[in-house]
>>> print(open('work31.txt').read())   # compact mmCIF, C-alpha atoms
# COMPACT_ATOMS: atom_id res chain seq x y z
CA MET R 1 81.04 -117.00 217.42
CA VAL R 2 83.63 -117.28 220.20
CA ALA R 3 85.72 -114.57 221.85
CA VAL R 4 87.90 -113.71 224.80
CA THR R 5 87.55 -109.97 225.28
CA HIS R 6 88.94 -107.18 227.43
CA THR R 7 85.92 -104.96 226.88
CA PRO R 8 82.50 -105.18 228.58
CA ILE R 9 80.20 -107.85 227.15
CA ASP R 10 77.05 -106.58 225.44
CA VAL R 11 74.42 -109.27 226.12
CA GLU R 12 71.84 -107.78 223.76
CA ARG R 13 74.35 -107.69 220.88
CA ILE R 14 75.26 -111.36 221.37
CA PHE R 15 71.61 -112.34 221.42
CA ARG R 16 71.00 -110.32 218.23
CA GLU R 17 73.98 -111.94 216.51
CA ILE R 18 72.82 -115.51 217.04
CA ALA R 19 69.10 -114.93 216.44
CA THR R 20 68.21 -116.09 212.95
CA PRO R 21 64.87 -115.87 211.13
CA ARG R 22 64.65 -119.66 211.44
CA SER R 23 65.35 -119.83 215.18
CA GLY R 24 62.39 -119.57 217.49
CA GLY R 25 64.19 -119.99 220.79
CA ILE R 26 67.41 -118.62 222.22
CA ASP R 27 68.82 -119.55 225.58
CA VAL R 28 71.39 -117.17 227.02
CA PHE R 29 73.39 -117.88 230.16
CA VAL R 30 75.02 -114.86 231.77
CA GLY R 31 77.64 -115.28 234.50
CA THR R 32 78.15 -112.18 236.62
CA VAL R 33 80.59 -111.28 239.37
CA ARG R 34 79.14 -112.11 242.79
CA ASN R 35 79.81 -110.03 245.90
CA HIS R 36 80.83 -113.05 247.96
CA SER R 37 82.83 -116.25 247.73
CA HIS R 38 83.01 -119.00 250.36
CA GLY R 39 81.62 -116.62 252.96
CA LYS R 40 84.06 -113.80 252.21
CA ARG R 41 83.15 -110.41 250.77
CA VAL R 42 84.60 -109.97 247.27
CA ARG R 43 85.60 -106.47 246.15
CA GLN R 44 86.59 -107.32 242.58
CA LEU R 45 87.73 -110.20 240.39
CA GLU R 46 90.55 -110.50 237.90
CA TYR R 47 90.27 -112.98 235.04
CA SER R 48 93.27 -113.95 232.95
CA ALA R 49 93.43 -116.35 230.05
CA TYR R 50 95.78 -118.23 227.78
CA VAL R 51 93.98 -116.39 225.01
CA PRO R 52 94.84 -118.31 221.81
CA MET R 53 94.27 -121.67 223.50
CA ALA R 54 91.05 -120.44 225.15
CA GLU R 55 89.65 -119.27 221.82
CA LYS R 56 90.71 -122.52 220.13
CA LEU R 57 88.96 -124.62 222.81
CA MET R 58 85.88 -122.42 222.69
CA ALA R 59 85.72 -122.93 218.90
CA GLU R 60 85.98 -126.70 219.53
CA ILE R 61 83.13 -126.53 222.06
CA GLU R 62 81.06 -124.66 219.45
CA GLN R 63 81.70 -127.48 216.97
CA GLU R 64 80.90 -130.17 219.58
CA ILE R 65 77.57 -128.48 220.22
CA LYS R 66 76.77 -128.31 216.52
CA ARG R 67 77.44 -132.03 216.25
CA LYS R 68 75.40 -132.98 219.33
CA TRP R 69 72.27 -130.83 218.82
CA VAL R 70 70.23 -129.50 215.93
CA ILE R 71 70.77 -125.82 216.53
CA GLU R 72 71.16 -122.62 214.55
CA SER R 73 73.99 -120.72 216.17
CA VAL R 74 76.25 -120.60 219.24
CA ALA R 75 78.03 -117.74 221.01
CA LEU R 76 80.67 -118.19 223.71
CA VAL R 77 82.23 -115.01 225.09
CA HIS R 78 84.44 -114.63 228.15
CA ARG R 79 85.77 -111.38 229.51
CA VAL R 80 89.26 -110.98 231.01
CA GLY R 81 90.85 -108.21 233.08
CA MET R 82 89.66 -106.59 236.30
CA LEU R 83 85.90 -106.90 236.86
CA GLN R 84 83.63 -105.29 239.43
CA ILE R 85 80.61 -106.77 241.26
CA GLY R 86 77.75 -107.28 238.81
CA ASP R 87 79.95 -107.16 235.69
CA VAL R 88 79.29 -109.83 233.08
CA ALA R 89 82.16 -112.33 233.09
CA VAL R 90 80.84 -114.90 230.62
CA VAL R 91 77.98 -115.43 228.20
CA THR R 92 76.99 -118.65 226.46
CA ALA R 93 74.07 -118.52 224.07
CA VAL R 94 72.42 -120.97 221.69
CA SER R 95 69.67 -120.32 219.15
CA ALA R 96 67.62 -123.24 217.92
CA HIS R 97 64.42 -124.24 216.26
CA HIS R 98 63.32 -126.12 219.39
CA ARG R 99 63.79 -124.80 222.89
CA ASP R 100 64.81 -128.23 224.23
CA ALA R 101 67.96 -128.06 222.16
CA ALA R 102 68.63 -124.42 223.05
CA PHE R 103 68.45 -125.12 226.81
CA GLU R 104 70.46 -128.34 226.72
CA ALA R 105 73.18 -126.97 224.47
CA CYS R 106 73.49 -123.72 226.44
CA ARG R 107 73.86 -125.67 229.66
CA TYR R 108 76.49 -127.90 228.06
CA ALA R 109 78.29 -124.80 226.76
CA ILE R 110 78.74 -123.13 230.15
CA ASP R 111 79.73 -126.43 231.81
CA ARG R 112 82.40 -127.04 229.16
CA VAL R 113 83.66 -123.45 229.23
CA LYS R 114 84.06 -123.64 233.01
CA GLY R 115 85.59 -127.09 232.85
CA VAL R 116 88.26 -126.91 230.17
CA VAL R 117 88.91 -123.40 228.85
CA PRO R 118 92.22 -122.02 230.22
CA ILE R 119 90.91 -119.02 232.12
CA TRP R 120 91.70 -118.21 235.75
CA LYS R 121 89.99 -116.12 238.36
CA LYS R 122 91.71 -114.16 241.14
CA GLU R 123 89.49 -112.85 243.91
CA TYR R 124 90.24 -109.60 245.71
CA PHE R 125 88.79 -109.44 249.23
CA GLU R 126 88.70 -106.63 251.78
CA GLU R 127 91.99 -108.12 252.93
CA GLY R 128 94.20 -110.07 250.59
CA MET R 129 93.43 -112.05 247.49
CA ALA R 130 93.18 -115.65 246.31
CA TRP R 131 93.46 -117.58 243.08
CA VAL R 132 90.49 -119.78 242.40
CA VAL R 133 91.93 -123.12 241.39
CA GLY R 134 89.20 -125.30 239.93
CA GLN R 135 86.69 -125.20 242.78
CA HIS R 136 89.23 -124.26 245.46
CA GLU R 137 90.86 -121.08 246.65
CA VAL R 138 94.58 -120.76 247.28
CA ASP R 139 95.63 -117.74 249.30
CA VAL R 140 98.24 -115.57 247.73
CA GLN R 141 100.96 -114.10 249.92
CA THR R 142 101.41 -110.46 249.06
CA MET T 1 58.71 -109.04 237.67
CA VAL T 2 55.97 -110.02 235.22
CA ALA T 3 54.42 -108.07 232.36
CA VAL T 4 52.31 -108.28 229.24
CA THR T 5 53.45 -105.42 227.04
CA HIS T 6 52.60 -103.78 223.72
CA THR T 7 56.07 -102.30 223.30
CA PRO T 8 59.25 -104.08 222.12
CA ILE T 9 60.98 -106.16 224.79
CA ASP T 10 64.44 -104.97 225.85
CA VAL T 11 66.36 -108.15 226.72
CA GLU T 12 69.35 -106.33 228.19
CA ARG T 13 67.09 -104.30 230.53
CA ILE T 14 65.36 -107.44 231.82
CA PHE T 15 68.68 -109.11 232.45
CA ARG T 16 69.90 -105.99 234.32
CA GLU T 17 66.75 -105.86 236.42
CA ILE T 18 67.05 -109.38 237.75
CA ALA T 19 70.84 -109.44 238.20
CA THR T 20 71.64 -108.94 241.87
CA PRO T 21 75.05 -108.60 243.56
CA ARG T 22 74.41 -112.02 245.12
CA SER T 23 73.47 -113.81 241.89
CA GLY T 24 76.28 -115.39 239.92
CA GLY T 25 74.23 -116.91 237.13
CA ILE T 26 71.31 -115.73 235.05
CA ASP T 27 69.54 -117.85 232.46
CA VAL T 28 67.50 -115.95 229.91
CA PHE T 29 65.19 -117.62 227.40
CA VAL T 30 64.18 -115.47 224.45
CA GLY T 31 61.40 -116.58 222.10
CA THR T 32 61.47 -114.85 218.73
CA VAL T 33 59.12 -114.88 215.75
CA ARG T 34 60.14 -117.55 213.22
CA ASN T 35 59.77 -117.14 209.48
CA HIS T 36 57.99 -120.47 209.08
CA SER T 37 55.34 -122.63 210.71
CA HIS T 38 54.38 -126.18 209.73
CA GLY T 39 56.12 -125.71 206.38
CA LYS T 40 54.42 -122.43 205.55
CA ARG T 41 56.15 -119.06 205.22
CA VAL T 42 55.05 -116.69 207.99
CA ARG T 43 54.90 -112.95 207.24
CA GLN T 44 53.95 -111.73 210.69
CA LEU T 45 52.33 -112.86 213.94
CA GLU T 46 49.68 -111.29 216.10
CA TYR T 47 49.55 -112.05 219.80
CA SER T 48 46.54 -111.21 221.92
CA ALA T 49 46.02 -111.81 225.63
CA TYR T 50 43.45 -111.78 228.38
CA VAL T 51 45.80 -109.29 230.00
CA PRO T 52 44.72 -109.18 233.68
CA MET T 53 44.43 -112.98 233.85
CA ALA T 54 47.73 -113.44 232.00
CA GLU T 55 49.55 -111.16 234.43
CA LYS T 56 47.89 -112.86 237.41
CA LEU T 57 48.97 -116.32 236.18
CA MET T 58 52.47 -115.08 235.41
CA ALA T 59 52.73 -113.73 238.97
CA GLU T 60 51.61 -117.16 240.22
CA ILE T 61 54.27 -118.87 238.08
CA GLU T 62 56.86 -116.49 239.59
CA GLN T 63 55.75 -117.56 243.09
CA GLU T 64 55.77 -121.27 242.15
CA ILE T 65 59.36 -120.88 240.94
CA LYS T 66 60.40 -119.12 244.15
CA ARG T 67 58.94 -122.01 246.15
CA LYS T 68 60.52 -124.75 244.03
CA TRP T 69 64.07 -123.39 243.62
CA VAL T 70 66.53 -121.30 245.60
CA ILE T 71 66.79 -118.35 243.28
CA GLU T 72 67.22 -114.60 243.45
CA SER T 73 64.80 -113.14 240.96
CA VAL T 74 62.45 -114.02 238.08
CA ALA T 75 61.25 -112.04 235.05
CA LEU T 76 58.41 -113.16 232.77
CA VAL T 77 57.53 -110.79 229.94
CA HIS T 78 55.27 -111.45 226.95
CA ARG T 79 54.62 -109.04 224.12
CA VAL T 80 51.23 -108.65 222.42
CA GLY T 81 50.19 -106.96 219.19
CA MET T 82 51.52 -107.40 215.66
CA LEU T 83 55.06 -108.78 215.54
CA GLN T 84 57.50 -109.15 212.65
CA ILE T 85 59.97 -111.97 211.94
CA GLY T 86 62.80 -111.85 214.48
CA ASP T 87 60.88 -109.76 217.01
CA VAL T 88 61.08 -110.90 220.62
CA ALA T 89 57.73 -112.38 221.67
CA VAL T 90 58.59 -113.68 225.12
CA VAL T 91 61.40 -113.59 227.66
CA THR T 92 61.73 -115.70 230.79
CA ALA T 93 64.75 -115.08 232.99
CA VAL T 94 65.96 -116.36 236.34
CA SER T 95 68.92 -115.20 238.40
CA ALA T 96 70.34 -117.53 241.00
CA HIS T 97 73.32 -118.27 243.12
CA HIS T 98 73.80 -121.61 241.36
CA ARG T 99 73.43 -122.08 237.63
CA ASP T 100 71.62 -125.42 238.06
CA ALA T 101 68.69 -123.59 239.60
CA ALA T 102 68.80 -120.78 237.04
CA PHE T 103 68.60 -123.22 234.10
CA GLU T 104 65.92 -125.47 235.61
CA ALA T 105 63.71 -122.62 236.77
CA CYS T 106 64.03 -120.75 233.47
CA ARG T 107 63.05 -123.88 231.56
CA TYR T 108 60.08 -124.40 233.87
CA ALA T 109 59.09 -120.76 233.42
CA ILE T 110 58.83 -120.88 229.63
CA ASP T 111 57.03 -124.26 229.70
CA ARG T 112 54.45 -122.89 232.15
CA VAL T 113 54.01 -119.61 230.31
CA LYS T 114 53.37 -121.49 227.06
CA GLY T 115 51.11 -124.00 228.78
CA VAL T 116 48.72 -121.97 230.89
CA VAL T 117 48.94 -118.21 230.32
CA PRO T 118 45.93 -116.96 228.27
CA ILE T 119 47.77 -115.62 225.23
CA TRP T 120 46.96 -116.54 221.61
CA LYS T 121 48.94 -116.40 218.41
CA LYS T 122 47.55 -115.71 214.96
CA GLU T 123 49.83 -116.42 212.03
CA TYR T 124 49.71 -114.36 208.85
CA PHE T 125 50.94 -116.25 205.78
CA GLU T 126 51.47 -115.13 202.19
CA GLU T 127 47.88 -116.22 201.73
CA GLY T 128 45.44 -116.25 204.60
CA MET T 129 45.94 -116.59 208.29
CA ALA T 130 45.47 -119.12 211.09
CA TRP T 131 44.95 -119.13 214.81
CA VAL T 132 47.40 -121.33 216.64
CA VAL T 133 45.31 -123.36 219.07
CA GLY T 134 47.59 -125.07 221.54
CA GLN T 135 49.87 -126.97 219.14
CA HIS T 136 47.43 -126.89 216.21
CA GLU T 137 46.49 -124.42 213.54
CA VAL T 138 42.91 -123.61 212.63
CA ASP T 139 42.43 -121.80 209.34
CA VAL T 140 40.44 -118.63 209.52
CA GLN T 141 37.94 -117.86 206.80
CA THR T 142 38.42 -114.30 205.63
CA MET G 1 18.35 -114.53 238.06
CA ILE G 2 21.95 -113.37 238.00
CA SER G 3 23.91 -111.41 235.45
CA VAL G 4 27.51 -112.27 234.51
CA ASN G 5 29.97 -110.75 232.08
CA VAL G 6 31.51 -113.19 229.59
CA LYS G 7 34.69 -112.19 227.74
CA PHE G 8 36.04 -113.84 224.61
CA PHE G 9 39.57 -114.02 223.30
CA GLY G 10 41.54 -115.43 220.40
CA PRO G 11 39.53 -117.54 217.96
CA LEU G 12 36.36 -117.32 220.09
CA ARG G 13 36.31 -113.54 219.83
CA GLU G 14 35.87 -113.88 216.06
CA ILE G 15 32.76 -116.01 216.66
CA VAL G 16 31.07 -114.17 219.54
CA GLY G 17 32.67 -110.75 219.82
CA GLU G 18 34.54 -109.19 222.72
CA GLU G 19 32.05 -109.46 225.53
CA ARG G 20 28.49 -110.61 226.28
CA LYS G 21 26.28 -109.97 229.31
CA LEU G 22 24.46 -113.16 230.19
CA GLU G 23 21.30 -113.52 232.32
CA LEU G 24 21.33 -116.88 234.08
CA PRO G 25 19.28 -118.70 236.71
CA ASP G 26 20.67 -118.66 240.26
CA ALA G 27 23.17 -121.42 241.14
CA CYS G 28 23.92 -121.93 237.47
CA THR G 29 27.22 -123.66 236.46
CA GLY G 30 29.79 -122.65 233.85
CA ASP G 31 28.59 -125.58 231.78
CA VAL G 32 25.07 -124.16 231.57
CA ALA G 33 26.44 -120.75 230.65
CA PHE G 34 28.44 -122.27 227.79
CA GLU G 35 25.43 -124.18 226.46
CA LYS G 36 23.33 -121.03 226.52
CA LEU G 37 25.96 -119.17 224.47
CA ALA G 38 26.43 -122.10 222.08
CA SER G 39 22.69 -122.07 221.32
CA SER G 40 23.08 -118.49 220.01
CA TYR G 41 26.53 -118.83 218.36
CA HIS G 42 26.73 -121.97 216.27
CA GLY G 43 30.51 -121.84 215.78
CA LEU G 44 30.99 -122.17 219.53
CA HIS G 45 29.86 -125.74 220.00
CA LYS G 46 32.88 -127.46 218.47
CA TRP G 47 35.13 -125.60 220.95
CA LYS G 48 33.53 -127.20 224.00
CA PRO G 49 35.98 -130.11 224.35
CA SER G 50 38.99 -127.80 224.26
CA VAL G 51 38.05 -124.63 226.16
CA ARG G 52 38.71 -124.08 229.84
CA LEU G 53 36.52 -122.01 232.12
CA ALA G 54 37.95 -118.99 233.93
CA VAL G 55 36.00 -117.15 236.62
CA ASN G 56 37.39 -113.93 238.06
CA LEU G 57 40.78 -114.56 236.40
CA GLU G 58 41.13 -118.12 237.71
CA TYR G 59 40.79 -121.46 235.96
CA VAL G 60 37.93 -123.49 237.51
CA GLN G 61 35.93 -126.62 236.63
CA PHE G 62 32.90 -126.40 234.31
CA SER G 63 30.83 -127.49 237.31
CA HIS G 64 31.81 -124.26 239.11
CA GLU G 65 28.77 -122.28 240.26
CA LEU G 66 28.55 -118.72 238.93
CA HIS G 67 27.60 -115.70 241.01
CA ALA G 68 26.17 -112.29 240.16
CA GLY G 69 28.84 -109.98 238.79
CA ASP G 70 31.38 -112.74 238.03
CA GLU G 71 33.82 -112.10 235.19
CA VAL G 72 33.62 -115.28 233.14
CA SER G 73 35.70 -116.40 230.15
CA PHE G 74 35.94 -119.54 228.05
CA ILE G 75 39.62 -119.92 227.31
CA PRO G 76 40.58 -121.65 224.05
CA PRO G 77 43.88 -123.60 224.06
CA VAL G 78 46.61 -121.04 224.65
CA SER G 79 49.49 -120.51 222.20
CA GLY G 80 51.74 -117.88 223.72
CA GLY G 81 55.53 -118.02 223.51
CA MET M 1 119.06 -130.78 222.14
CA ILE M 2 115.81 -129.00 221.40
CA SER M 3 114.48 -125.67 222.56
CA VAL M 4 110.85 -125.15 223.59
CA ASN M 5 108.93 -122.14 224.84
CA VAL M 6 107.03 -122.65 228.10
CA LYS M 7 104.25 -120.23 229.03
CA PHE M 8 102.76 -119.79 232.49
CA PHE M 9 99.35 -118.53 233.52
CA GLY M 10 97.29 -117.91 236.61
CA PRO M 11 98.90 -118.94 239.88
CA LEU M 12 101.91 -120.50 238.10
CA ARG M 13 102.82 -117.18 236.50
CA GLU M 14 103.41 -115.75 239.97
CA ILE M 15 105.91 -118.52 240.67
CA VAL M 16 107.80 -118.73 237.38
CA GLY M 17 107.00 -115.60 235.38
CA GLU M 18 105.37 -115.28 232.00
CA GLU M 19 107.58 -117.41 229.81
CA ARG M 20 110.72 -119.55 229.92
CA LYS M 21 112.84 -120.95 227.09
CA LEU M 22 113.85 -124.48 227.97
CA GLU M 23 116.73 -126.52 226.49
CA LEU M 24 115.84 -130.22 226.56
CA PRO M 25 117.28 -133.49 225.26
CA ASP M 26 115.74 -134.87 222.03
CA ALA M 27 112.62 -137.06 222.49
CA CYS M 28 111.99 -135.56 225.88
CA THR M 29 108.47 -135.78 227.41
CA GLY M 30 106.35 -133.11 229.03
CA ASP M 31 106.98 -134.85 232.32
CA VAL M 32 110.74 -134.33 232.03
CA ALA M 33 110.21 -130.68 231.11
CA PHE M 34 108.06 -130.15 234.23
CA GLU M 35 110.66 -131.78 236.49
CA LYS M 36 113.40 -129.61 235.04
CA LEU M 37 111.37 -126.47 235.77
CA ALA M 38 110.39 -127.69 239.24
CA SER M 39 114.07 -128.13 240.15
CA SER M 40 114.57 -124.38 239.53
CA TYR M 41 111.25 -123.13 240.91
CA HIS M 42 110.46 -124.71 244.25
CA GLY M 43 106.86 -123.55 244.40
CA LEU M 44 106.10 -125.51 241.24
CA HIS M 45 106.37 -129.01 242.59
CA LYS M 46 103.14 -129.07 244.61
CA TRP M 47 101.23 -128.21 241.43
CA LYS M 48 102.25 -131.37 239.62
CA PRO M 49 99.19 -133.45 240.57
CA SER M 50 96.80 -130.81 239.35
CA VAL M 51 98.32 -129.25 236.23
CA ARG M 52 97.56 -130.42 232.72
CA LEU M 53 100.04 -130.26 229.84
CA ALA M 54 99.22 -128.25 226.72
CA VAL M 55 101.37 -128.42 223.59
CA ASN M 56 100.66 -126.07 220.70
CA LEU M 57 97.31 -125.07 222.26
CA GLU M 58 96.10 -128.63 222.82
CA TYR M 59 95.80 -130.70 225.97
CA VAL M 60 98.05 -133.79 225.77
CA GLN M 61 99.33 -136.46 228.17
CA PHE M 62 102.46 -135.82 230.27
CA SER M 63 104.06 -138.64 228.29
CA HIS M 64 103.73 -136.56 225.10
CA GLU M 65 107.08 -136.10 223.32
CA LEU M 66 108.15 -132.51 222.79
CA HIS M 67 109.62 -131.16 219.57
CA ALA M 68 111.81 -128.18 218.74
CA GLY M 69 109.80 -124.97 218.65
CA ASP M 70 106.78 -126.38 220.51
CA GLU M 71 104.71 -123.94 222.54
CA VAL M 72 104.30 -125.67 225.89
CA SER M 73 102.20 -124.72 228.90
CA PHE M 74 101.39 -126.30 232.24
CA ILE M 75 97.75 -125.46 232.86
CA PRO M 76 96.62 -125.14 236.49
CA PRO M 77 92.98 -126.04 237.23
CA VAL M 78 90.86 -123.57 235.31
CA SER M 79 88.34 -121.29 237.01
CA GLY M 80 86.64 -119.32 234.28
CA GLY M 81 82.96 -118.48 234.30
>>> encode(input="work31.txt", output="structure tokens")
Amino acid sequence: MVAVTHTPIDVERIFREIATPRSGGIDVFVGTVRNHSHGKRVRQLEYSAYVPMAEKLMAEIEQEIKRKWVIESVALVHRVGMLQIGDVAVVTAVSAHHRDAAFEACRYAIDRVKGVVPIWKKEYFEEGMAWVVGQHEVDVQT
Amino acid sequence: MVAVTHTPIDVERIFREIATPRSGGIDVFVGTVRNHSHGKRVRQLEYSAYVPMAEKLMAEIEQEIKRKWVIESVALVHRVGMLQIGDVAVVTAVSAHHRDAAFEACRYAIDRVKGVVPIWKKEYFEEGMAWVVGQHEVDVQT
Amino acid sequence: MISVNVKFFGPLREIVGEERKLELPDACTGDVAFEKLASSYHGLHKWKPSVRLAVNLEYVQFSHELHAGDEVSFIPPVSGG
Amino acid sequence: MISVNVKFFGPLREIVGEERKLELPDACTGDVAFEKLASSYHGLHKWKPSVRLAVNLEYVQFSHELHAGDEVSFIPPVSGG
């Protein structure tokens, strides 16, 4: 199950969707909006995506994971739009028979989502804003 | 936050409790009741605990984790009583600034909880039941 | 003589029951306490290699010396999670 | 001549806008398409070392040959999560 969504992410619902009667362990990674970035106070964050490509790549990551590990189910969900401090930006979750596989695959999932999926983050500070470009910030003149 | 509880575990509430404005990543491991064990169909599971010792050891595991990793918050919750297939038996969750720490500490948490906390599982099959003793089953004469 | 409270959990509870008060000589170890119980409850003996001793909610060695009023438990291999 | 649709996201959208239709010679590569855009939009050039080319929702090399009707995008370093 993969999705790019404008609406708040319901962590409990995702966990319920990937839990199966055969899976004993589920690892869920939740990325939330932090109140700071590189020493500056963040007021809010805006995520935008190339939605059809993002969902296609997320579906590919799901398939990669199913090839690499013996697991039951995968969920990759990323929110877009304007987010406030503490809001859930991304969830990756893997259910598996063995917890080794659940942890490893969930870790792989978030690393891949952050590394390749075409989604961008714009930080709004007390003064000004900045695009986050990979690991770097680029100030925006406004 | 550690607890041994008789009531159903609310995963979303645990995640909300340990999310802080400073934490960007939260890893949550959820252990659910599987419908099978060593090839046999499980109908339900009963967990019992030496509650005060279990909560004391869980609090010690929380402190160990805070010494070993730079993290924000830890939650360790185990349910006791009669559980049905799919019910949440255990949740370990760690919020951290960096996801590396969240994943490693959460993995450590579930391994330690399973390894040392005085909680026991009794499996109810179509016919008969068995205590799970460490990794082994011991049939119970009834 | 001292008196300690011994609690049983999991599979051991089905053999011994929930709790037993035990009268022991002074400076007695956990090992001696276990042997005394095993002489009354036959099913207990086979558990000796696998149980751990807990005194006042802490794991300790079988050679640990018990004191009056201690809360003692013999902990069978745990299977939480 | 072929016509392709180029979409822009993130920081590049603020330089170029959402979408541009581009007329290109036959058998033209992604690299040529980028250079053509960069000649119209000055801010674009500095992004060349870091952007990746996507054609029809897939990452490809800059040497990839474009075809009529392709959906093209130059993807700045992603920062999801």
>>> atom_distance(input="work31.txt", atom1="atom CA of Met53 of chain T", atom2="atom CA of Leu24 of chain G")
23.4 Å
>>> atom_distance(input="work31.txt", atom1="atom CA of Pro76 of chain G", atom2="atom CA of Val91 of chain T")
22.6 Å
>>> residues_near_point(input="work31.txt", point="(113.2, -134.3, 221.6)", cutoff="12 Å", atoms="all atoms listed in the file", output="PyMOL selection string")
chain M and resi 1-4+22-30+32-33+64-70
>>> write_last_selection(input="work31.txt", atoms="C-alpha atoms", output="mmCIF file, in the coordinates of the input")
data_model
loop_
_atom_site.group_PDB
_atom_site.id
_atom_site.type_symbol
_atom_site.label_atom_id
_atom_site.label_comp_id
_atom_site.auth_asym_id
_atom_site.auth_seq_id
_atom_site.Cartn_x
_atom_site.Cartn_y
_atom_site.Cartn_z
ATOM 1 C CA MET M 1 119.060 -130.780 222.140
ATOM 2 C CA ILE M 2 115.810 -129.000 221.400
ATOM 3 C CA SER M 3 114.480 -125.670 222.560
ATOM 4 C CA VAL M 4 110.850 -125.150 223.590
ATOM 5 C CA LEU M 22 113.850 -124.480 227.970
ATOM 6 C CA GLU M 23 116.730 -126.520 226.490
ATOM 7 C CA LEU M 24 115.840 -130.220 226.560
ATOM 8 C CA PRO M 25 117.280 -133.490 225.260
ATOM 9 C CA ASP M 26 115.740 -134.870 222.030
ATOM 10 C CA ALA M 27 112.620 -137.060 222.490
ATOM 11 C CA CYS M 28 111.990 -135.560 225.880
ATOM 12 C CA THR M 29 108.470 -135.780 227.410
ATOM 13 C CA GLY M 30 106.350 -133.110 229.030
ATOM 14 C CA VAL M 32 110.740 -134.330 232.030
ATOM 15 C CA ALA M 33 110.210 -130.680 231.110
ATOM 16 C CA HIS M 64 103.730 -136.560 225.100
ATOM 17 C CA GLU M 65 107.080 -136.100 223.320
ATOM 18 C CA LEU M 66 108.150 -132.510 222.790
ATOM 19 C CA HIS M 67 109.620 -131.160 219.570
ATOM 20 C CA ALA M 68 111.810 -128.180 218.740
ATOM 21 C CA GLY M 69 109.800 -124.970 218.650
ATOM 22 C CA ASP M 70 106.780 -126.380 220.510
#
>>> closest_residue(input="work31.txt", among="R:Ser37, R:Ser23, R:Thr32, R:Thr5", to="chain M", atoms="all atoms listed in the file")
R:Thr32
>>> calpha_fit_and_write(input="work31.txt", fixed="chain G", moving="chain M", output="short mmCIF file (atom, residue, chain, number, x, y, z; two decimals) with C-alpha atoms, in the coordinates of the input")
data_model
loop_
_atom_site.label_atom_id
_atom_site.label_comp_id
_atom_site.auth_asym_id
_atom_site.auth_seq_id
_atom_site.Cartn_x
_atom_site.Cartn_y
_atom_site.Cartn_z
CA MET M 1 18.35 -114.51 238.03
CA ILE M 2 21.95 -113.37 238.00
CA SER M 3 23.91 -111.41 235.46
CA VAL M 4 27.50 -112.27 234.51
CA ASN M 5 29.96 -110.76 232.07
CA VAL M 6 31.50 -113.18 229.58
CA LYS M 7 34.69 -112.20 227.76
CA PHE M 8 36.03 -113.83 224.60
CA PHE M 9 39.57 -114.02 223.29
CA GLY M 10 41.53 -115.45 220.41
CA PRO M 11 39.54 -117.54 217.96
CA LEU M 12 36.37 -117.33 220.09
CA ARG M 13 36.31 -113.55 219.84
CA GLU M 14 35.85 -113.88 216.08
CA ILE M 15 32.76 -116.01 216.67
CA VAL M 16 31.07 -114.17 219.53
CA GLY M 17 32.66 -110.74 219.81
CA GLU M 18 34.52 -109.20 222.71
CA GLU M 19 32.03 -109.45 225.52
CA ARG M 20 28.49 -110.62 226.28
CA LYS M 21 26.29 -109.96 229.31
CA LEU M 22 24.47 -113.15 230.19
CA GLU M 23 21.30 -113.53 232.31
CA LEU M 24 21.34 -116.89 234.08
CA PRO M 25 19.29 -118.71 236.72
CA ASP M 26 20.68 -118.66 240.29
CA ALA M 27 23.20 -121.44 241.13
CA CYS M 28 23.94 -121.94 237.48
CA THR M 29 27.23 -123.65 236.44
CA GLY M 30 29.79 -122.64 233.86
CA ASP M 31 28.59 -125.57 231.79
CA VAL M 32 25.07 -124.15 231.58
CA ALA M 33 26.45 -120.73 230.65
CA PHE M 34 28.47 -122.27 227.79
CA GLU M 35 25.45 -124.16 226.45
CA LYS M 36 23.35 -121.01 226.52
CA LEU M 37 25.98 -119.16 224.48
CA ALA M 38 26.45 -122.08 222.09
CA SER M 39 22.72 -122.08 221.30
CA SER M 40 23.10 -118.49 220.00
CA TYR M 41 26.53 -118.84 218.38
CA HIS M 42 26.75 -121.96 216.27
CA GLY M 43 30.50 -121.86 215.78
CA LEU M 44 30.99 -122.16 219.53
CA HIS M 45 29.87 -125.71 220.03
CA LYS M 46 32.88 -127.46 218.48
CA TRP M 47 35.12 -125.62 220.95
CA LYS M 48 33.53 -127.20 224.00
CA PRO M 49 36.00 -130.10 224.35
CA SER M 50 38.98 -127.81 224.27
CA VAL M 51 38.03 -124.64 226.16
CA ARG M 52 38.72 -124.10 229.83
CA LEU M 53 36.51 -122.03 232.13
CA ALA M 54 37.94 -119.00 233.93
CA VAL M 55 36.00 -117.15 236.63
CA ASN M 56 37.38 -113.93 238.06
CA LEU M 57 40.77 -114.58 236.40
CA GLU M 58 41.13 -118.13 237.70
CA TYR M 59 40.77 -121.47 235.97
CA VAL M 60 37.91 -123.49 237.51
CA GLN M 61 35.93 -126.63 236.63
CA PHE M 62 32.90 -126.40 234.31
CA SER M 63 30.83 -127.48 237.31
CA HIS M 64 31.81 -124.25 239.11
CA GLU M 65 28.75 -122.26 240.25
CA LEU M 66 28.54 -118.72 238.92
CA HIS M 67 27.60 -115.70 241.00
CA ALA M 68 26.18 -112.28 240.16
CA GLY M 69 28.85 -109.97 238.80
CA ASP M 70 31.37 -112.73 238.03
CA GLU M 71 33.81 -112.11 235.19
CA VAL M 72 33.62 -115.28 233.12
CA SER M 73 35.70 -116.40 230.15
CA PHE M 74 35.94 -119.53 228.05
CA ILE M 75 39.63 -119.93 227.31
CA PRO M 76 40.58 -121.66 224.04
CA PRO M 77 43.88 -123.59 224.04
CA VAL M 78 46.61 -121.04 224.64
CA SER M 79 49.46 -120.50 222.20
CA GLY M 80 51.72 -117.89 223.73
CA GLY M 81 55.49 -118.00 223.51
#
